[in-house]
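Heads up, model-v6.txt below (compact mmCIF, C-alpha atoms):
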```txt
# COMPACT_ATOMS: atom_id res chain seq x y z
CA LYS A 1 -66.15 -187.87 19.84
CA PRO A 2 -67.37 -187.80 23.52
CA ALA A 3 -67.79 -184.02 23.21
CA ARG A 4 -70.42 -184.54 20.52
CA PHE A 5 -72.45 -186.71 22.89
CA TYR A 6 -72.21 -184.07 25.65
CA LEU A 7 -73.28 -181.31 23.24
CA LEU A 8 -76.19 -183.34 21.88
CA ALA A 9 -77.35 -184.21 25.42
CA PHE A 10 -77.34 -180.54 26.43
CA PHE A 11 -79.19 -179.59 23.22
CA ILE A 12 -81.96 -182.22 23.80
CA LEU A 13 -82.42 -181.12 27.42
CA LEU A 14 -82.61 -177.49 26.28
CA LEU A 15 -85.13 -178.44 23.57
CA GLY A 16 -87.30 -180.21 26.18
CA ALA A 17 -87.17 -177.17 28.48
CA ILE A 18 -88.13 -174.79 25.65
CA SER A 19 -90.99 -177.08 24.58
CA ASN A 20 -92.28 -177.21 28.15
CA SER A 21 -92.08 -173.38 28.48
CA LEU A 22 -93.95 -172.89 25.21
CA ARG A 23 -96.67 -175.30 26.41
CA LEU A 24 -97.05 -173.45 29.70
CA SER A 25 -97.28 -170.13 27.78
CA GLY A 26 -100.08 -171.54 25.62
CA ILE A 27 -98.06 -171.11 22.45
CA VAL A 28 -98.10 -174.84 21.68
CA PRO A 29 -100.93 -177.24 22.48
CA THR A 30 -100.75 -179.69 25.36
CA ASN A 31 -100.18 -183.27 24.29
CA PHE A 32 -98.10 -186.24 25.45
CA LEU A 33 -94.86 -184.92 23.96
CA THR A 34 -95.21 -181.32 25.12
CA ALA A 35 -96.51 -182.36 28.55
CA ASN A 36 -93.53 -184.68 29.09
CA SER A 37 -90.92 -182.85 27.01
CA LEU A 38 -88.80 -181.92 30.03
CA GLN A 39 -88.77 -185.49 31.37
CA ILE A 40 -88.12 -186.92 27.90
CA GLY A 41 -85.29 -184.44 27.35
CA SER A 42 -83.82 -185.28 30.74
CA ALA A 43 -84.05 -189.03 30.06
CA LEU A 44 -82.43 -188.68 26.64
CA GLU A 45 -79.75 -186.48 28.18
CA SER A 46 -78.97 -189.21 30.73
CA VAL A 47 -78.71 -191.81 27.96
CA LEU A 48 -76.46 -189.62 25.85
CA LEU A 49 -74.31 -188.72 28.86
CA SER A 50 -73.92 -192.43 29.62
CA LEU A 51 -72.93 -193.07 26.00
CA ALA A 52 -70.48 -190.17 26.22
CA ASP A 53 -68.93 -191.55 29.42
CA ALA A 54 -68.72 -195.05 27.92
CA ASP A 55 -67.12 -193.70 24.76
CA LYS A 56 -64.70 -191.68 26.87
CA ILE A 57 -63.71 -194.81 28.82
CA ILE A 58 -63.20 -196.75 25.57
CA PHE A 59 -61.15 -193.88 24.14
CA MET A 60 -58.98 -193.68 27.26
CA ARG A 61 -58.51 -197.46 27.26
CA LYS A 62 -57.38 -197.39 23.61
CA GLU A 63 -55.00 -194.54 24.37
CA LYS A 64 -53.59 -196.49 27.32
CA GLU A 65 -53.21 -199.64 25.20
CA LYS A 66 -51.50 -197.62 22.48
CA ALA A 67 -49.16 -196.11 25.06
CA GLN A 68 -48.35 -199.60 26.37
CA VAL A 69 -47.71 -200.88 22.84
CA ASP A 70 -45.47 -197.88 22.14
CA LEU A 71 -43.64 -198.48 25.43
CA ILE A 72 -43.10 -202.17 24.63
CA GLU A 73 -41.93 -201.28 21.12
CA ASN A 74 -39.53 -198.68 22.50
CA GLN A 75 -38.19 -201.20 25.03
CA LYS A 76 -37.76 -203.74 22.23
CA VAL A 77 -35.82 -201.22 20.13
CA LEU A 78 -33.75 -200.28 23.18
CA ILE A 79 -32.96 -203.93 23.98
CA GLU A 80 -32.02 -204.57 20.34
CA SER A 81 -29.78 -201.50 20.46
CA TYR A 82 -28.13 -202.71 23.68
CA ALA A 83 -27.64 -206.14 22.09
CA ARG A 84 -25.41 -204.50 19.50
CA PHE A 85 -23.04 -203.53 22.29
CA VAL A 86 -23.77 -206.21 24.91
CA PRO A 87 -24.30 -209.72 23.46
CA GLU A 88 -27.49 -211.45 24.57
CA GLU A 89 -25.40 -214.56 25.21
CA LEU A 90 -23.45 -212.73 27.90
CA LEU A 91 -26.67 -211.82 29.71
CA SER A 92 -27.81 -215.44 29.42
CA PHE A 93 -24.54 -216.77 30.89
CA LEU A 94 -24.89 -214.39 33.83
CA GLY A 95 -28.52 -215.41 34.39
CA LYS A 96 -29.85 -211.94 33.52
CA ASP A 97 -32.77 -211.15 31.24
CA ILE A 98 -32.07 -207.44 30.79
CA ILE A 99 -29.00 -205.22 30.75
CA THR A 100 -30.15 -203.12 33.73
CA LYS A 101 -29.77 -206.15 36.00
CA VAL A 102 -26.07 -206.55 35.19
CA HIS A 103 -23.68 -205.39 37.93
CA LEU A 104 -19.94 -204.92 38.24
CA GLY A 105 -18.29 -208.17 39.28
CA ASP A 106 -20.99 -210.52 37.93
CA ALA A 107 -19.09 -213.56 36.63
CA VAL A 108 -19.45 -217.26 35.89
CA GLU A 109 -17.04 -220.01 34.82
CA LYS A 110 -17.82 -221.69 31.51
CA SER A 111 -16.10 -223.93 28.97
CA MET A 112 -15.98 -222.13 25.64
CA THR A 113 -13.98 -221.90 22.45
CA VAL A 114 -12.27 -218.65 21.55
CA LEU A 115 -11.63 -217.51 17.98
CA PHE A 116 -9.26 -214.68 17.12
CA SER A 117 -8.95 -213.34 13.59
CA ASP A 118 -6.96 -210.48 12.16
CA ILE A 119 -6.30 -208.93 8.76
CA ARG A 120 -2.69 -209.46 7.68
CA SER A 121 -0.56 -206.33 7.14
CA PHE A 122 -3.52 -204.06 7.83
CA THR A 123 -1.28 -201.18 8.92
CA THR A 124 0.48 -201.17 5.55
CA LEU A 125 -2.84 -201.56 3.75
CA SER A 126 -4.46 -198.71 5.67
CA GLU A 127 -1.66 -196.27 4.82
CA SER A 128 -2.95 -196.07 1.26
CA MET A 129 -6.47 -195.17 2.41
CA THR A 130 -8.11 -192.10 3.93
CA PRO A 131 -9.72 -192.42 7.40
CA ASN A 132 -13.17 -192.70 5.79
CA GLU A 133 -11.93 -195.35 3.37
CA ASN A 134 -10.45 -197.26 6.30
CA PHE A 135 -13.79 -197.35 8.09
CA GLU A 136 -15.61 -198.32 4.93
CA PHE A 137 -13.10 -201.08 4.22
CA ILE A 138 -13.27 -202.56 7.74
CA ASN A 139 -17.08 -202.44 7.84
CA THR A 140 -17.33 -204.07 4.41
CA TYR A 141 -15.03 -206.87 5.57
CA LEU A 142 -16.80 -207.37 8.90
CA LYS A 143 -20.20 -207.36 7.20
CA ARG A 144 -19.06 -210.35 5.12
CA VAL A 145 -17.39 -212.48 7.80
CA ALA A 146 -19.32 -211.72 11.02
CA PRO A 147 -22.51 -213.57 9.92
CA CYS A 148 -20.42 -216.75 9.53
CA ILE A 149 -19.78 -216.66 13.28
CA ARG A 150 -23.45 -216.24 14.21
CA LYS A 151 -24.51 -218.91 11.72
CA HIS A 152 -22.46 -221.52 13.58
CA GLY A 153 -23.61 -220.68 17.11
CA GLY A 154 -20.91 -218.19 18.03
CA TYR A 155 -21.12 -214.58 19.05
CA ILE A 156 -18.71 -211.69 18.71
CA ASP A 157 -17.29 -210.63 22.07
CA LYS A 158 -15.55 -207.60 20.65
CA PHE A 159 -14.23 -205.99 17.49
CA LEU A 160 -10.53 -205.21 17.73
CA GLY A 161 -10.09 -202.68 14.95
CA ASP A 162 -9.58 -204.95 11.97
CA GLY A 163 -9.76 -208.03 14.20
CA ILE A 164 -12.48 -210.13 15.81
CA MET A 165 -12.68 -212.01 19.09
CA ALA A 166 -15.56 -214.49 19.02
CA LEU A 167 -16.83 -217.08 21.49
CA PHE A 168 -18.47 -220.43 20.81
CA PRO A 169 -20.23 -221.79 23.92
CA ILE A 170 -21.41 -225.17 22.62
CA ASN A 171 -18.94 -227.13 20.49
CA PRO A 172 -15.37 -226.27 19.37
CA GLN A 173 -16.25 -227.71 15.97
CA ASP A 174 -18.61 -224.74 15.51
CA ALA A 175 -15.59 -222.43 15.64
CA ILE A 176 -13.79 -224.48 12.98
CA LEU A 177 -16.82 -224.45 10.67
CA ALA A 178 -17.26 -220.70 11.15
CA SER A 179 -13.57 -220.09 10.41
CA VAL A 180 -13.65 -222.14 7.22
CA GLU A 181 -16.73 -220.25 6.06
CA MET A 182 -15.01 -216.95 6.89
CA LEU A 183 -12.10 -217.95 4.64
CA GLU A 184 -14.48 -218.97 1.86
CA GLU A 185 -16.33 -215.66 2.16
CA LEU A 186 -12.99 -213.86 2.06
CA ASN A 187 -12.15 -215.64 -1.21
CA LEU A 188 -15.36 -214.26 -2.72
CA LEU A 189 -14.58 -210.78 -1.42
CA ASN A 190 -11.08 -210.96 -2.91
CA LYS A 191 -12.49 -211.87 -6.32
CA GLU A 192 -14.63 -208.74 -6.17
CA ARG A 193 -11.63 -206.66 -5.08
CA LEU A 194 -9.44 -207.99 -7.90
CA GLU A 195 -12.17 -207.22 -10.46
CA LYS A 196 -12.09 -203.63 -9.21
CA GLY A 197 -8.30 -203.58 -9.43
CA VAL A 198 -7.94 -203.46 -5.63
CA GLN A 199 -5.35 -205.42 -3.66
CA ARG A 200 -6.54 -208.74 -2.21
CA ILE A 201 -6.48 -209.24 1.56
CA SER A 202 -5.66 -212.23 3.74
CA ILE A 203 -6.47 -213.06 7.33
CA GLY A 204 -5.14 -215.28 10.09
CA ILE A 205 -7.35 -217.20 12.53
CA GLY A 206 -6.40 -218.90 15.80
CA ILE A 207 -8.67 -221.15 17.88
CA HIS A 208 -8.27 -222.64 21.37
CA THR A 209 -10.78 -224.05 23.86
CA GLY A 210 -11.10 -224.49 27.62
CA LYS A 211 -12.57 -223.07 30.81
CA GLN A 212 -12.78 -219.32 31.27
CA MET A 213 -14.44 -216.66 33.37
CA VAL A 214 -17.24 -214.73 31.69
CA GLY A 215 -18.24 -211.57 33.48
CA VAL A 216 -18.36 -207.81 33.91
CA ILE A 217 -15.30 -205.65 34.50
CA GLY A 218 -14.70 -201.91 34.77
CA GLU A 219 -16.02 -199.37 37.27
CA GLU A 220 -19.49 -198.14 38.15
CA ARG A 221 -19.72 -195.57 35.34
CA ARG A 222 -18.15 -197.72 32.62
CA LEU A 223 -18.80 -201.46 32.46
CA GLU A 224 -17.75 -204.03 29.90
CA GLY A 225 -18.65 -207.67 29.45
CA THR A 226 -15.66 -209.82 28.64
CA VAL A 227 -13.89 -213.15 29.00
CA ILE A 228 -10.75 -213.61 31.08
CA SER A 229 -8.60 -216.74 30.89
CA ASP A 230 -5.42 -218.26 29.56
CA VAL A 231 -7.55 -219.68 26.73
CA VAL A 232 -8.07 -216.16 25.38
CA ASN A 233 -4.34 -215.41 25.45
CA THR A 234 -3.49 -218.70 23.75
CA SER A 235 -6.06 -218.13 21.00
CA ALA A 236 -4.58 -214.70 20.33
CA ARG A 237 -1.07 -216.19 20.19
CA LEU A 238 -2.19 -218.90 17.74
CA GLU A 239 -3.62 -216.22 15.49
CA GLY A 240 -0.24 -214.50 15.64
CA LEU A 241 1.49 -217.74 14.61
CA THR A 242 -0.43 -217.83 11.33
CA LYS A 243 2.03 -215.21 10.03
CA ALA A 244 5.10 -217.24 11.02
CA TYR A 245 3.81 -220.44 9.42
CA ALA A 246 2.04 -218.72 6.50
CA SER A 247 -1.19 -220.49 7.46
CA SER A 248 -4.73 -219.15 7.36
CA LEU A 249 -6.11 -221.17 10.26
CA ILE A 250 -4.28 -222.69 13.25
CA ILE A 251 -6.01 -224.66 16.00
CA SER A 252 -4.80 -226.35 19.17
CA LYS A 253 -4.84 -230.10 19.78
CA GLU A 254 -7.69 -229.55 22.25
CA VAL A 255 -9.84 -228.11 19.46
CA LEU A 256 -8.83 -230.80 16.97
CA GLU A 257 -10.33 -233.47 19.23
CA TYR A 258 -13.78 -232.19 18.22
CA LYS A 259 -13.15 -232.33 14.45
CA ASN A 260 -15.57 -233.87 11.98
CA ASP A 261 -14.68 -236.25 9.14
CA SER A 262 -14.65 -233.54 6.48
CA LEU A 263 -11.81 -231.62 8.14
CA LYS A 264 -8.50 -231.61 6.27
CA TYR A 265 -5.56 -230.75 8.49
CA ARG A 266 -1.95 -231.52 9.32
CA LEU A 267 0.30 -231.35 12.36
CA LEU A 268 2.22 -228.08 12.37
CA ASP A 269 4.38 -227.84 15.49
CA LYS A 270 4.66 -227.97 19.24
CA VAL A 271 5.30 -224.52 20.63
CA LYS A 272 5.61 -222.45 23.76
CA VAL A 273 4.07 -219.12 22.91
CA LYS A 274 4.97 -215.85 24.60
CA GLY A 275 3.64 -215.67 28.15
CA LYS A 276 3.05 -219.42 28.53
CA ASN A 277 5.09 -222.13 30.25
CA LYS A 278 3.08 -225.05 28.91
CA SER A 279 3.62 -226.16 25.32
CA VAL A 280 0.75 -226.33 22.84
CA GLU A 281 0.51 -228.78 19.95
CA ILE A 282 -0.83 -226.90 16.96
CA TYR A 283 -2.44 -227.97 13.69
CA GLU A 284 -3.03 -226.27 10.38
CA VAL A 285 -6.59 -226.52 9.02
CA LEU A 286 -6.51 -226.68 5.22
CA ASN A 287 -10.23 -226.26 4.48
CA GLY A 288 -10.96 -222.82 3.10
CA ASN A 289 -7.79 -222.72 0.98
CA SER A 290 -7.65 -223.31 -2.77
CA ASP A 291 -7.96 -226.89 -4.02
CA ARG A 292 -4.34 -226.73 -5.19
CA ILE A 293 -3.05 -225.94 -1.71
CA ILE A 294 -5.30 -228.52 -0.04
CA ASN A 295 -4.34 -231.30 -2.47
CA LEU A 296 -0.60 -230.61 -2.24
CA LYS A 297 -0.53 -230.44 1.55
CA MET A 298 -2.69 -233.55 1.93
CA LYS A 299 -0.44 -235.37 -0.55
CA THR A 300 2.68 -234.50 1.47
CA LYS A 301 1.01 -234.73 4.90
CA GLU A 302 2.43 -238.13 5.86
CA ASP A 303 6.04 -237.21 5.09
CA PHE A 304 5.65 -233.75 6.63
CA GLU A 305 4.23 -235.05 9.92
CA LYS A 306 6.78 -237.88 10.08
CA GLY A 307 9.50 -235.28 9.58
CA ILE A 308 8.13 -233.26 12.52
CA ARG A 309 8.15 -236.32 14.80
CA LEU A 310 11.75 -237.12 13.81
CA TYR A 311 12.69 -233.49 14.37
CA GLN A 312 11.19 -233.55 17.87
CA GLU A 313 13.12 -236.77 18.58
CA LYS A 314 16.38 -235.00 17.54
CA ASP A 315 16.79 -237.21 14.45
CA LEU A 316 17.53 -234.11 12.41
CA LYS A 317 19.18 -235.75 9.37
CA LYS A 318 16.23 -238.04 8.64
CA ALA A 319 13.83 -235.19 9.33
CA LEU A 320 15.70 -232.93 6.90
CA ARG A 321 15.54 -235.56 4.14
CA LEU A 322 11.76 -235.81 4.52
CA PHE A 323 11.27 -232.05 4.58
CA LYS A 324 13.35 -231.68 1.41
CA LYS A 325 11.21 -234.36 -0.19
CA VAL A 326 8.10 -232.36 0.74
CA ILE A 327 9.47 -229.02 -0.47
CA LYS A 328 10.39 -230.60 -3.80
CA GLN A 329 6.72 -231.48 -4.33
CA ASP A 330 5.42 -228.21 -2.91
CA PRO A 331 8.00 -225.40 -3.21
CA LYS A 332 5.56 -222.89 -1.68
CA ASP A 333 5.16 -224.80 1.61
CA ASN A 334 6.42 -222.10 3.98
CA ALA A 335 6.08 -224.23 7.11
CA CYS A 336 8.23 -226.93 5.53
CA GLU A 337 10.82 -224.31 4.55
CA LEU A 338 10.82 -223.20 8.18
CA TYR A 339 11.66 -226.74 9.33
CA ILE A 340 14.42 -227.08 6.74
CA ASN A 341 16.05 -223.92 8.08
CA ARG A 342 15.74 -225.17 11.66
CA CYS A 343 17.23 -228.57 10.86
CA GLU A 344 20.16 -227.03 9.00
CA PHE A 345 20.77 -224.59 11.85
CA TYR A 346 20.78 -227.28 14.55
CA LEU A 347 22.87 -229.68 12.47
CA LYS A 348 25.46 -226.95 12.12
CA ASN A 349 25.32 -225.53 15.66
CA GLY A 350 24.07 -228.51 17.67
CA VAL A 351 21.23 -228.71 20.19
CA SER A 352 21.32 -228.39 23.96
CA PRO A 353 21.01 -231.58 26.07
CA ASP A 354 17.60 -230.52 27.37
CA TRP A 355 16.23 -229.64 23.91
CA ASP A 356 12.80 -231.25 23.51
CA GLY A 357 11.85 -230.14 20.02
CA VAL A 358 9.43 -227.55 21.35
CA GLU A 359 9.77 -224.22 19.60
CA LYS A 360 9.87 -221.28 22.00
CA LEU A 361 8.37 -218.21 20.36
CA ASP A 362 8.80 -214.81 21.97
CA PHE A 363 6.58 -212.79 19.62
CA LYS A 364 2.84 -212.13 19.84
```

Render the structure in this file as structure tokens.
Amino acid sequence: KPARFYLLAFFILLLGAISNSLRLSGIVPTNFLTANSLQIGSALESVLLSLADADKIIFMRKEKEKAQVDLIENQKVLIESYARFVPEELLSFLGKDIITKVHLGDAVEKSMTVLFSDIRSFTTLSESMTPNENFEFINTYLKRVAPCIRKHGGYIDKFLGDGIMALFPINPQDAILASVEMLEELNLLNKERLEKGVQRISIGIGIHTGKQMVGVIGEERRLEGTVISDVVNTSARLEGLTKAYASSLIISKEVLEYKNDSLKYRLLDKVKVKGKNKSVEIYEVLNGNSDRIINLKMKTKEDFEKGIRLYQEKDLKKALRLFKKVIKQDPKDNACELYINRCEFYLKNGVSPDWDGVEKLDFK
């Protein structure tokens, strides 16, 4: 567009010069226009050149603004892409507003709740699938359950193959609510799988809370944001215990203290998990299971928990009677069956003088 102004300005100046030459040659008569054609042409040229320069400035400004908008948009896309690999919450904890400001060794202590979840018997399940089917299966599962974590104020620290490690920085109750919703979403997914004639899947979830270090580990060419603490290890161990007790969701006593009134739960055990010297009192959360399971376990909760207390006090005969009463009402209560086997073993073989009723588990 500016080129048109420059061309028109040159043409008008040329026209004025020609008109003036024709006047001087006597070809055209002398009048106001022909006498001043050169000056008029020059004046119009100046105006058009000014318009051309102004239009050029406007054009360049628009191009610059467009470039800035494109740059901002590209940065936004880049930041969103980084957020897929580096959670925004991690940057916030470290007091950074952009990934480029993160450095090796950046760390801060923070109280948070850790959630570990894992698909049961995934190795066996994956053997019947091709590599592509494995990826499709895992992504389908994660697509269903991961939003439950974000919905309740948590964020995913890392995907562990078929597992998830998530952090909840505000309230441990958020982790419980997210877990229950994950189980409910899994129930819906299993209905879809059964309709397709595909095997249903089950998961285990463990939750613990406490102080931990949030920071950046690695080396200069490969960094990773992560959480390091005993809380993480305990959460992972609790998730592992869901297999032993045939429970979907196990939480520590520390997490239970933040429960709401709608939570249905029962005492499960007091254990020393692998790698820990301190015992942890654990509870089974019933929400997220079928109504049948919830109703049966809530109905037998009083006798079951009383049996556990008697067991821990070495009153094994009374404890066994209560556990048998529970199993009679709910034959599929695997945790109760576990206690019956323990009581019968100790009644037959005896217990050591320093036995405190705490179960020492050496598996992960």

- Query: Can you tell me how far CA of Leu142 (chain A) sits from CA of Val273 (chain A), in Å to one decimal?
  - Reply: 27.7 Å

- Message: Give me the residues near region 284-291 of chain A as JSON, numbers by chain, where near means some atom within 7 Å (using only C-alpha atoms) and where sequence neighbours in that chain fewer than 3 positions away do not count.
- Response: {"A": [180, 181, 183, 184, 247, 249, 250, 251, 263, 264, 265, 266, 267, 268, 294, 295]}

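The shortest atom-to-atom distance to Gly206 (chain A), with all atoms listed in the file taken into account, belongs to A:Phe116 out of A:Tyr245, A:Phe116, A:Phe304, A:Phe323.
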
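Residues in contact range of Leu104 (chain A), defined as at most 8 Å between all atoms listed in the file, with sequence neighbours fewer than 4 positions away removed, read Val216, Ile217, Gly218, Glu219, Glu220 and Leu223 of chain A.
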
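Restricting the calculation to all atoms listed in the file, the smallest distance between Ile149 (chain A) and any of A:Leu177, A:Ile119, A:Val231, A:Leu125 is found for A:Leu177.
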
- Item | Residues near Asn139 (chain A), cut-off 10 Å, all atoms listed in the file, skip fewer than 6 positions along chain, as a PyMOL selection string | chain A and resi 133+161-162

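When CA of His208 (chain A) is paired with CA of Gly163 (chain A), their separation reads 16.3 Å.
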
- Task: Within 12 Å of (-6.3, -213.0, 11.5) (coordinates as in the file), grab all the protein and nucleic acid residues, counting all atoms listed in the file, and write them out as JSON, numbers by chain.
- Result: {"A": [115, 116, 117, 118, 119, 120, 121, 122, 145, 160, 161, 162, 163, 164, 165, 179, 182, 183, 186, 201, 202, 203, 204, 205, 206, 207, 235, 236, 237, 238, 239, 240, 241, 242, 243, 246, 247, 248, 249, 250]}

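Atom pair CA of Val255 (chain A) / CA of Val326 (chain A): separated by 26.3 Å.
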
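You can rank A:Ile170, A:Leu189, A:Leu256, A:Val227 by their closest distance to Val108 (chain A) using all atoms listed in the file, and at the top of that list sits A:Val227.
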
For region 306-322 of chain A, which lacks atoms in the input, supply N, CA and C atoms and format the output as an mmCIF file, in the coordinates of the input.
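result_23.cif, written as the output of this step:
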```cif
data_model
loop_
_atom_site.group_PDB
_atom_site.id
_atom_site.type_symbol
_atom_site.label_atom_id
_atom_site.label_comp_id
_atom_site.auth_asym_id
_atom_site.auth_seq_id
_atom_site.Cartn_x
_atom_site.Cartn_y
_atom_site.Cartn_z
ATOM 1 N N LYS A 306 5.717 -236.960 9.651
ATOM 2 C CA LYS A 306 6.780 -237.880 10.080
ATOM 3 C C LYS A 306 8.070 -237.095 10.306
ATOM 4 N N GLY A 307 8.322 -236.130 9.430
ATOM 5 C CA GLY A 307 9.500 -235.280 9.580
ATOM 6 C C GLY A 307 9.458 -234.498 10.885
ATOM 7 N N ILE A 308 8.273 -234.001 11.259
ATOM 8 C CA ILE A 308 8.130 -233.260 12.520
ATOM 9 C C ILE A 308 8.425 -234.159 13.712
ATOM 10 N N ARG A 309 7.913 -235.385 13.687
ATOM 11 C CA ARG A 309 8.150 -236.320 14.800
ATOM 12 C C ARG A 309 9.641 -236.627 14.923
ATOM 13 N N LEU A 310 10.304 -236.854 13.795
ATOM 14 C CA LEU A 310 11.750 -237.120 13.810
ATOM 15 C C LEU A 310 12.508 -235.899 14.320
ATOM 16 N N TYR A 311 12.079 -234.739 13.919
ATOM 17 C CA TYR A 311 12.690 -233.490 14.370
ATOM 18 C C TYR A 311 12.582 -233.358 15.890
ATOM 19 N N GLN A 312 11.404 -233.659 16.428
ATOM 20 C CA GLN A 312 11.190 -233.550 17.870
ATOM 21 C C GLN A 312 11.974 -234.603 18.648
ATOM 22 N N GLU A 313 12.314 -235.711 17.965
ATOM 23 C CA GLU A 313 13.120 -236.770 18.580
ATOM 24 C C GLU A 313 14.617 -236.557 18.354
ATOM 25 N N LYS A 314 14.994 -235.406 17.805
ATOM 26 C CA LYS A 314 16.380 -235.000 17.540
ATOM 27 C C LYS A 314 17.030 -235.772 16.387
ATOM 28 N N ASP A 315 16.247 -236.505 15.616
ATOM 29 C CA ASP A 315 16.790 -237.210 14.450
ATOM 30 C C ASP A 315 16.736 -236.237 13.269
ATOM 31 N N LEU A 316 17.613 -235.255 13.321
ATOM 32 C CA LEU A 316 17.530 -234.110 12.410
ATOM 33 C C LEU A 316 17.870 -234.464 10.966
ATOM 34 N N LYS A 317 18.798 -235.394 10.745
ATOM 35 C CA LYS A 317 19.180 -235.750 9.370
ATOM 36 C C LYS A 317 18.026 -236.408 8.625
ATOM 37 N N LYS A 318 17.368 -237.377 9.277
ATOM 38 C CA LYS A 318 16.230 -238.040 8.640
ATOM 39 C C LYS A 318 15.077 -237.057 8.432
ATOM 40 N N ALA A 319 14.886 -236.197 9.433
ATOM 41 C CA ALA A 319 13.830 -235.190 9.330
ATOM 42 C C ALA A 319 14.088 -234.266 8.150
ATOM 43 N N LEU A 320 15.340 -233.838 7.994
ATOM 44 C CA LEU A 320 15.700 -232.930 6.900
ATOM 45 C C LEU A 320 15.450 -233.570 5.541
ATOM 46 N N ARG A 321 15.765 -234.868 5.414
ATOM 47 C CA ARG A 321 15.540 -235.560 4.140
ATOM 48 C C ARG A 321 14.054 -235.556 3.777
ATOM 49 N N LEU A 322 13.207 -235.794 4.779
ATOM 50 C CA LEU A 322 11.760 -235.810 4.520
ATOM 51 C C LEU A 322 11.238 -234.418 4.167
#
```
